[in-house]
$ cat coords-v1.pdb   # PDB, C-alpha atoms, pLDDT in the B column
ATOM      1  CA  MET A   1     -76.562  69.386  -2.495  1.00 82.00           C
ATOM      2  CA  VAL A   2     -72.760  69.476  -2.773  1.00 84.00           C
ATOM      3  CA  ASP A   3     -72.564  65.812  -1.721  1.00 88.00           C
ATOM      4  CA  ILE A   4     -74.955  64.808  -4.500  1.00 92.00           C
ATOM      5  CA  LEU A   5     -72.913  66.722  -7.067  1.00 94.00           C
ATOM      6  CA  LEU A   6     -69.696  65.098  -5.816  1.00 94.00           C
ATOM      7  CA  TRP A   7     -71.291  61.637  -6.007  1.00 95.00           C
ATOM      8  CA  VAL A   8     -72.401  62.310  -9.596  1.00 96.00           C
ATOM      9  CA  ILE A   9     -68.849  63.347 -10.474  1.00 96.00           C
ATOM     10  CA  ILE A  10     -67.394  60.280  -8.719  1.00 96.00           C
ATOM     11  CA  VAL A  11     -69.710  57.907 -10.593  1.00 96.00           C
ATOM     12  CA  ALA A  12     -68.952  59.693 -13.881  1.00 96.00           C
ATOM     13  CA  LEU A  13     -65.210  59.333 -13.222  1.00 96.00           C
ATOM     14  CA  PHE A  14     -65.618  55.616 -12.539  1.00 97.00           C
ATOM     15  CA  VAL A  15     -67.611  55.131 -15.743  1.00 95.00           C
ATOM     16  CA  LEU A  16     -65.124  57.196 -17.745  1.00 94.00           C
ATOM     17  CA  SER A  17     -62.294  55.044 -16.367  1.00 94.00           C
ATOM     18  CA  PHE A  18     -63.726  52.108 -18.333  1.00 93.00           C
ATOM     19  CA  VAL A  19     -63.725  54.208 -21.498  1.00 89.00           C
ATOM     20  CA  GLY A  20     -59.987  54.511 -20.875  1.00 84.00           C
ATOM     21  CA  VAL A  21     -59.680  50.767 -21.444  1.00 81.00           C
ATOM     22  CA  ILE A  22     -60.733  51.320 -25.070  1.00 76.00           C
ATOM     23  CA  TYR A  23     -58.980  54.677 -25.445  1.00 76.00           C
ATOM     24  CA  PRO A  24     -55.661  54.237 -23.600  1.00 71.00           C
ATOM     25  CA  ILE A  25     -55.010  57.971 -23.823  1.00 72.00           C
ATOM     26  CA  ILE A  26     -57.636  58.393 -21.065  1.00 76.00           C
ATOM     27  CA  PRO A  27     -55.827  57.616 -17.790  1.00 82.00           C
ATOM     28  CA  SER A  28     -58.245  55.065 -16.305  1.00 89.00           C
ATOM     29  CA  VAL A  29     -56.565  54.566 -12.963  1.00 90.00           C
ATOM     30  CA  LEU A  30     -56.067  58.306 -12.496  1.00 92.00           C
ATOM     31  CA  LEU A  31     -59.802  58.862 -12.945  1.00 95.00           C
ATOM     32  CA  ILE A  32     -60.553  56.212 -10.330  1.00 96.00           C
ATOM     33  CA  TRP A  33     -58.096  57.833  -7.926  1.00 96.00           C
ATOM     34  CA  ILE A  34     -59.655  61.266  -8.511  1.00 96.00           C
ATOM     35  CA  GLY A  35     -63.010  59.711  -7.567  1.00 96.00           C
ATOM     36  CA  PHE A  36     -61.510  58.244  -4.391  1.00 96.00           C
ATOM     37  CA  LEU A  37     -59.869  61.543  -3.469  1.00 96.00           C
ATOM     38  CA  LEU A  38     -63.043  63.527  -4.157  1.00 96.00           C
ATOM     39  CA  TYR A  39     -64.825  61.288  -1.701  1.00 95.00           C
ATOM     40  CA  GLN A  40     -62.013  61.434   0.853  1.00 94.00           C
ATOM     41  CA  PHE A  41     -61.623  65.211   0.817  1.00 94.00           C
ATOM     42  CA  GLY A  42     -65.079  66.319  -0.321  1.00 93.00           C
ATOM     43  CA  ILE A  43     -67.543  63.999   1.356  1.00 92.00           C
ATOM     44  CA  ASN A  44     -66.040  62.006   4.237  1.00 90.00           C
ATOM     45  CA  GLY A  45     -62.380  61.851   5.127  1.00 83.00           C
ATOM     46  CA  GLU A  46     -62.777  59.314   7.900  1.00 86.00           C
ATOM     47  CA  GLU A  47     -64.315  56.216   6.273  1.00 85.00           C
ATOM     48  CA  LEU A  48     -61.497  55.044   4.006  1.00 91.00           C
ATOM     49  CA  GLY A  49     -58.683  53.775   6.176  1.00 89.00           C
ATOM     50  CA  TRP A  50     -55.067  52.841   5.588  1.00 93.00           C
ATOM     51  CA  VAL A  51     -56.005  49.299   4.513  1.00 93.00           C
ATOM     52  CA  PHE A  52     -58.118  50.697   1.679  1.00 95.00           C
ATOM     53  CA  TRP A  53     -55.388  53.098   0.524  1.00 95.00           C
ATOM     54  CA  THR A  54     -52.718  50.392   0.718  1.00 95.00           C
ATOM     55  CA  LEU A  55     -54.859  48.035  -1.369  1.00 95.00           C
ATOM     56  CA  MET A  56     -55.502  50.785  -3.922  1.00 96.00           C
ATOM     57  CA  ILE A  57     -51.763  51.409  -4.296  1.00 95.00           C
ATOM     58  CA  VAL A  58     -51.187  47.673  -4.821  1.00 95.00           C
ATOM     59  CA  PHE A  59     -54.001  47.458  -7.385  1.00 94.00           C
ATOM     60  CA  THR A  60     -52.744  50.579  -9.162  1.00 92.00           C
ATOM     61  CA  VAL A  61     -49.309  49.031  -9.571  1.00 90.00           C
ATOM     62  CA  LEU A  62     -51.014  45.845 -10.752  1.00 86.00           C
ATOM     63  CA  LEU A  63     -52.910  47.825 -13.410  1.00 83.00           C
ATOM     64  CA  PHE A  64     -49.702  49.266 -14.833  1.00 78.00           C
ATOM     65  CA  VAL A  65     -47.865  45.970 -14.736  1.00 79.00           C
ATOM     66  CA  ALA A  66     -50.749  43.886 -16.168  1.00 76.00           C
ATOM     67  CA  ASP A  67     -50.670  45.585 -19.548  1.00 69.00           C
ATOM     68  CA  ILE A  68     -46.919  45.392 -19.984  1.00 69.00           C
ATOM     69  CA  LEU A  69     -46.588  41.823 -18.726  1.00 76.00           C
ATOM     70  CA  ALA A  70     -49.512  40.467 -20.737  1.00 80.00           C
ATOM     71  CA  ASN A  71     -48.206  41.988 -23.946  1.00 74.00           C
ATOM     72  CA  SER A  72     -44.635  40.843 -23.329  1.00 74.00           C
ATOM     73  CA  PHE A  73     -45.703  37.372 -22.276  1.00 82.00           C
ATOM     74  CA  PHE A  74     -47.861  36.690 -25.313  1.00 85.00           C
ATOM     75  CA  VAL A  75     -45.553  38.233 -27.904  1.00 80.00           C
ATOM     76  CA  LYS A  76     -42.669  36.225 -26.434  1.00 81.00           C
ATOM     77  CA  LYS A  77     -44.766  33.055 -26.118  1.00 85.00           C
ATOM     78  CA  PHE A  78     -45.764  33.324 -29.767  1.00 88.00           C
ATOM     79  CA  GLY A  79     -42.152  33.689 -30.875  1.00 85.00           C
ATOM     80  CA  GLY A  80     -41.862  37.474 -31.044  1.00 84.00           C
ATOM     81  CA  SER A  81     -38.665  39.395 -30.427  1.00 85.00           C
ATOM     82  CA  LYS A  82     -37.871  42.070 -27.843  1.00 84.00           C
ATOM     83  CA  TRP A  83     -38.320  44.627 -30.635  1.00 88.00           C
ATOM     84  CA  GLY A  84     -41.735  43.149 -31.344  1.00 86.00           C
ATOM     85  CA  GLU A  85     -42.682  43.498 -27.680  1.00 82.00           C
ATOM     86  CA  ARG A  86     -41.528  47.121 -27.547  1.00 84.00           C
ATOM     87  CA  GLY A  87     -43.147  47.937 -30.862  1.00 86.00           C
ATOM     88  CA  ALA A  88     -46.475  46.522 -29.706  1.00 82.00           C
ATOM     89  CA  ALA A  89     -46.405  48.662 -26.553  1.00 79.00           C
ATOM     90  CA  ILE A  90     -45.730  51.840 -28.524  1.00 83.00           C
ATOM     91  CA  ALA A  91     -48.231  50.891 -31.229  1.00 83.00           C
ATOM     92  CA  VAL A  92     -51.059  50.596 -28.678  1.00 77.00           C
ATOM     93  CA  ILE A  93     -50.583  54.263 -27.803  1.00 76.00           C
ATOM     94  CA  VAL A  94     -50.148  55.384 -31.409  1.00 83.00           C
ATOM     95  CA  GLY A  95     -53.107  53.263 -32.515  1.00 81.00           C
ATOM     96  CA  SER A  96     -55.431  54.982 -30.078  1.00 74.00           C
ATOM     97  CA  PHE A  97     -54.832  58.236 -32.000  1.00 79.00           C
ATOM     98  CA  ILE A  98     -54.797  56.908 -35.558  1.00 81.00           C
ATOM     99  CA  MET A  99     -58.078  55.033 -35.745  1.00 76.00           C
ATOM    100  CA  PRO A 100     -59.807  54.950 -32.370  1.00 69.00           C
ATOM    101  CA  PRO A 101     -60.972  52.587 -30.959  1.00 71.00           C
ATOM    102  CA  PHE A 102     -59.863  49.894 -33.425  1.00 79.00           C
ATOM    103  CA  GLY A 103     -56.358  51.297 -33.772  1.00 80.00           C
ATOM    104  CA  ILE A 104     -55.349  49.837 -30.434  1.00 78.00           C
ATOM    105  CA  ILE A 105     -55.895  46.382 -31.915  1.00 83.00           C
ATOM    106  CA  VAL A 106     -54.971  46.835 -35.600  1.00 88.00           C
ATOM    107  CA  ILE A 107     -51.881  49.062 -35.285  1.00 88.00           C
ATOM    108  CA  PRO A 108     -50.011  46.857 -32.753  1.00 85.00           C
ATOM    109  CA  PHE A 109     -50.848  43.789 -34.827  1.00 89.00           C
ATOM    110  CA  LEU A 110     -49.440  45.404 -37.972  1.00 91.00           C
ATOM    111  CA  ALA A 111     -46.478  46.901 -36.118  1.00 91.00           C
ATOM    112  CA  VAL A 112     -45.391  43.541 -34.725  1.00 90.00           C
ATOM    113  CA  LEU A 113     -45.887  41.919 -38.122  1.00 92.00           C
ATOM    114  CA  ILE A 114     -43.684  44.527 -39.823  1.00 93.00           C
ATOM    115  CA  ILE A 115     -41.050  44.558 -37.061  1.00 93.00           C
ATOM    116  CA  GLU A 116     -40.727  40.787 -37.135  1.00 91.00           C
ATOM    117  CA  MET A 117     -40.573  40.731 -40.957  1.00 92.00           C
ATOM    118  CA  VAL A 118     -37.831  43.389 -40.930  1.00 92.00           C
ATOM    119  CA  GLN A 119     -35.889  41.093 -38.610  1.00 88.00           C
ATOM    120  CA  LYS A 120     -35.981  38.454 -41.354  1.00 86.00           C
ATOM    121  CA  ARG A 121     -38.586  36.238 -39.765  1.00 87.00           C
ATOM    122  CA  THR A 122     -40.832  34.241 -42.053  1.00 90.00           C
ATOM    123  CA  PHE A 123     -44.317  35.562 -42.632  1.00 91.00           C
ATOM    124  CA  ASN A 124     -45.769  32.733 -40.527  1.00 90.00           C
ATOM    125  CA  GLU A 125     -43.436  33.517 -37.607  1.00 90.00           C
ATOM    126  CA  ALA A 126     -44.212  37.233 -37.850  1.00 90.00           C
ATOM    127  CA  PHE A 127     -47.936  36.557 -38.099  1.00 92.00           C
ATOM    128  CA  LYS A 128     -47.788  34.265 -35.074  1.00 91.00           C
ATOM    129  CA  ALA A 129     -46.006  36.989 -33.043  1.00 90.00           C
ATOM    130  CA  SER A 130     -48.697  39.460 -34.163  1.00 90.00           C
ATOM    131  CA  ILE A 131     -51.380  37.115 -32.884  1.00 91.00           C
ATOM    132  CA  GLY A 132     -49.451  37.074 -29.601  1.00 89.00           C
ATOM    133  CA  SER A 133     -49.638  40.859 -29.529  1.00 84.00           C
ATOM    134  CA  LEU A 134     -53.394  40.722 -30.067  1.00 85.00           C
ATOM    135  CA  LEU A 135     -53.867  38.135 -27.312  1.00 88.00           C
ATOM    136  CA  GLY A 136     -51.616  40.157 -25.014  1.00 85.00           C
ATOM    137  CA  PHE A 137     -53.679  43.273 -25.573  1.00 81.00           C
ATOM    138  CA  LEU A 138     -56.962  41.443 -25.027  1.00 85.00           C
ATOM    139  CA  SER A 139     -55.781  39.679 -21.869  1.00 86.00           C
ATOM    140  CA  GLY A 140     -54.259  42.907 -20.515  1.00 84.00           C
ATOM    141  CA  THR A 141     -57.533  44.706 -21.195  1.00 85.00           C
ATOM    142  CA  PHE A 142     -59.503  41.982 -19.440  1.00 88.00           C
ATOM    143  CA  ALA A 143     -57.126  42.178 -16.459  1.00 87.00           C
ATOM    144  CA  LYS A 144     -57.462  45.978 -16.297  1.00 88.00           C
ATOM    145  CA  VAL A 145     -61.265  45.834 -16.347  1.00 92.00           C
ATOM    146  CA  PHE A 146     -61.228  43.152 -13.659  1.00 93.00           C
ATOM    147  CA  VAL A 147     -58.854  45.109 -11.396  1.00 92.00           C
ATOM    148  CA  GLN A 148     -60.786  48.360 -11.906  1.00 94.00           C
ATOM    149  CA  ILE A 149     -64.019  46.608 -10.931  1.00 96.00           C
ATOM    150  CA  ILE A 150     -62.331  45.235  -7.784  1.00 96.00           C
ATOM    151  CA  MET A 151     -61.045  48.720  -6.905  1.00 96.00           C
ATOM    152  CA  ILE A 152     -64.513  50.240  -7.272  1.00 96.00           C
ATOM    153  CA  ILE A 153     -66.162  47.419  -5.292  1.00 96.00           C
ATOM    154  CA  LEU A 154     -63.624  47.869  -2.471  1.00 95.00           C
ATOM    155  CA  PHE A 155     -64.370  51.593  -2.524  1.00 96.00           C
ATOM    156  CA  ILE A 156     -68.110  50.925  -2.215  1.00 95.00           C
ATOM    157  CA  ILE A 157     -67.493  48.451   0.616  1.00 93.00           C
ATOM    158  CA  GLY A 158     -65.276  51.029   2.345  1.00 92.00           C
ATOM    159  CA  VAL A 159     -67.951  53.693   2.027  1.00 92.00           C
ATOM    160  CA  ILE A 160     -70.896  51.620   3.253  1.00 89.00           C
ATOM    161  CA  SER A 161     -69.130  49.814   6.087  1.00 80.00           C
TER     162      SER A 161
END
$ encode --input "coords-v1.pdb" --output "structure tokens"
Amino acid sequence: MVDILLWVIIVALFVLSFVGVIYPIIPSVLLIWIGFLLYQFGINGEELGWVFWTLMIVFTVLLFVADILANSFFVKKFGGSKWGERGAAIAVIVGSFIMPPFGIIVIPFLAVLIIEMVQKRTFNEAFKASIGSLLGFLSGTFAKVFVQIIMIILFIIGVIS
């Protein structure tokens, strides 16, 4: 009975981790790790070996880096400044509180637009950098979902093998 309850919690944590993609305040990767650890220490501590744990550490680092790199890359590629990059990163977090879930798209877009305009960029240049912020967010989100799915699939493979 305890195993069934733990499995329900693990599955719920995995599902909730994808909600964290829309609401960045929910720590997606932490929820996945809690699911892994619940399995390891609550159900079977012998099935998931060092290869699994090493891969999960690598993928966890990749999750953190994907968001930052995607945003930086696209803002920079679309002509944004360092301040625009930093502002977009902060605005994603702020936006998740202001008007969830759309705030994580709208607030960074507006923040980059304003930051670039304050730096005396033309409206077209600022708008282009804002589009870069939007594309960075979307590509980072896609990357996070992809990596989370891989992590969960590797977990399932580790459990059934």
$ residues_around --input "coords-v1.pdb" --residues "Ile25 (chain A)" --least-positions-apart "6" --cutoff "10 Å" --atoms "all atoms listed in the file" --output "ChimeraX atom specification"
/A:19,92-94,96-97
$ write_last_selection --input "coords-v1.pdb" --atoms "C-alpha atoms" --output "short mmCIF file (atom, residue, chain, number, x, y, z; two decimals), in the coordinates of the input"
data_model
loop_
_atom_site.label_atom_id
_atom_site.label_comp_id
_atom_site.auth_asym_id
_atom_site.auth_seq_id
_atom_site.Cartn_x
_atom_site.Cartn_y
_atom_site.Cartn_z
CA VAL A 19 -63.72 54.21 -21.50
CA VAL A 92 -51.06 50.60 -28.68
CA ILE A 93 -50.58 54.26 -27.80
CA VAL A 94 -50.15 55.38 -31.41
CA SER A 96 -55.43 54.98 -30.08
CA PHE A 97 -54.83 58.24 -32.00
#
$ closest_residue --input "coords-v1.pdb" --among "A:Leu48, A:Ile107, A:Val11, A:Ile34" --to "Val159 (chain A)" --atoms "all atoms listed in the file"
A:Leu48
$ atom_distance --input "coords-v1.pdb" --atom1 "CA of Phe109 (chain A)" --atom2 "CA of Ser139 (chain A)"
14.5 Å
$ residues_near_point --input "coords-v1.pdb" --point "(-60.8, 57.3, 0.9)" --cutoff "7 Å" --atoms "only C-alpha atoms" --output "ChimeraX atom specification"
/A:36-37,39-40,45,47-49,53
$ resolve_selection --input "coords-v1.pdb" --expression "the PyMOL selection byres ((chain A and resi 30) around 12)" --output "VMD selection string"
chain A and resid 13 to 14 16 to 18 20 24 to 29 31 to 37 56 to 57 60 to 61 63 to 64 148
$ atom_distance --input "coords-v1.pdb" --atom1 "CA of Leu6 (chain A)" --atom2 "CA of Ile150 (chain A)"
21.3 Å
$ atom_distance --input "coords-v1.pdb" --atom1 "CA of Lys120 (chain A)" --atom2 "CA of Gly95 (chain A)"
24.3 Å
$ residues_near_point --input "coords-v1.pdb" --point "(-55.8, 40.9, -19.9)" --cutoff "10 Å" --atoms "only C-alpha atoms" --output "list of chain:residue names"
A:Leu63, A:Ala66, A:Asp67, A:Ile68, A:Leu69, A:Ala70, A:Asn71, A:Leu135, A:Gly136, A:Phe137, A:Leu138, A:Ser139, A:Gly140, A:Thr141, A:Phe142, A:Ala143, A:Lys144, A:Val145, A:Phe146, A:Val147
$ axis_aligned_box --input "coords-v1.pdb" --around "region 103-120 of chain A" --padding-each-side "8 Å" --output "JSON"
{"center_x": -46.1, "center_y": 44.9, "center_z": -35.9, "size_x": 36.5, "size_y": 28.8, "size_z": 26.9}
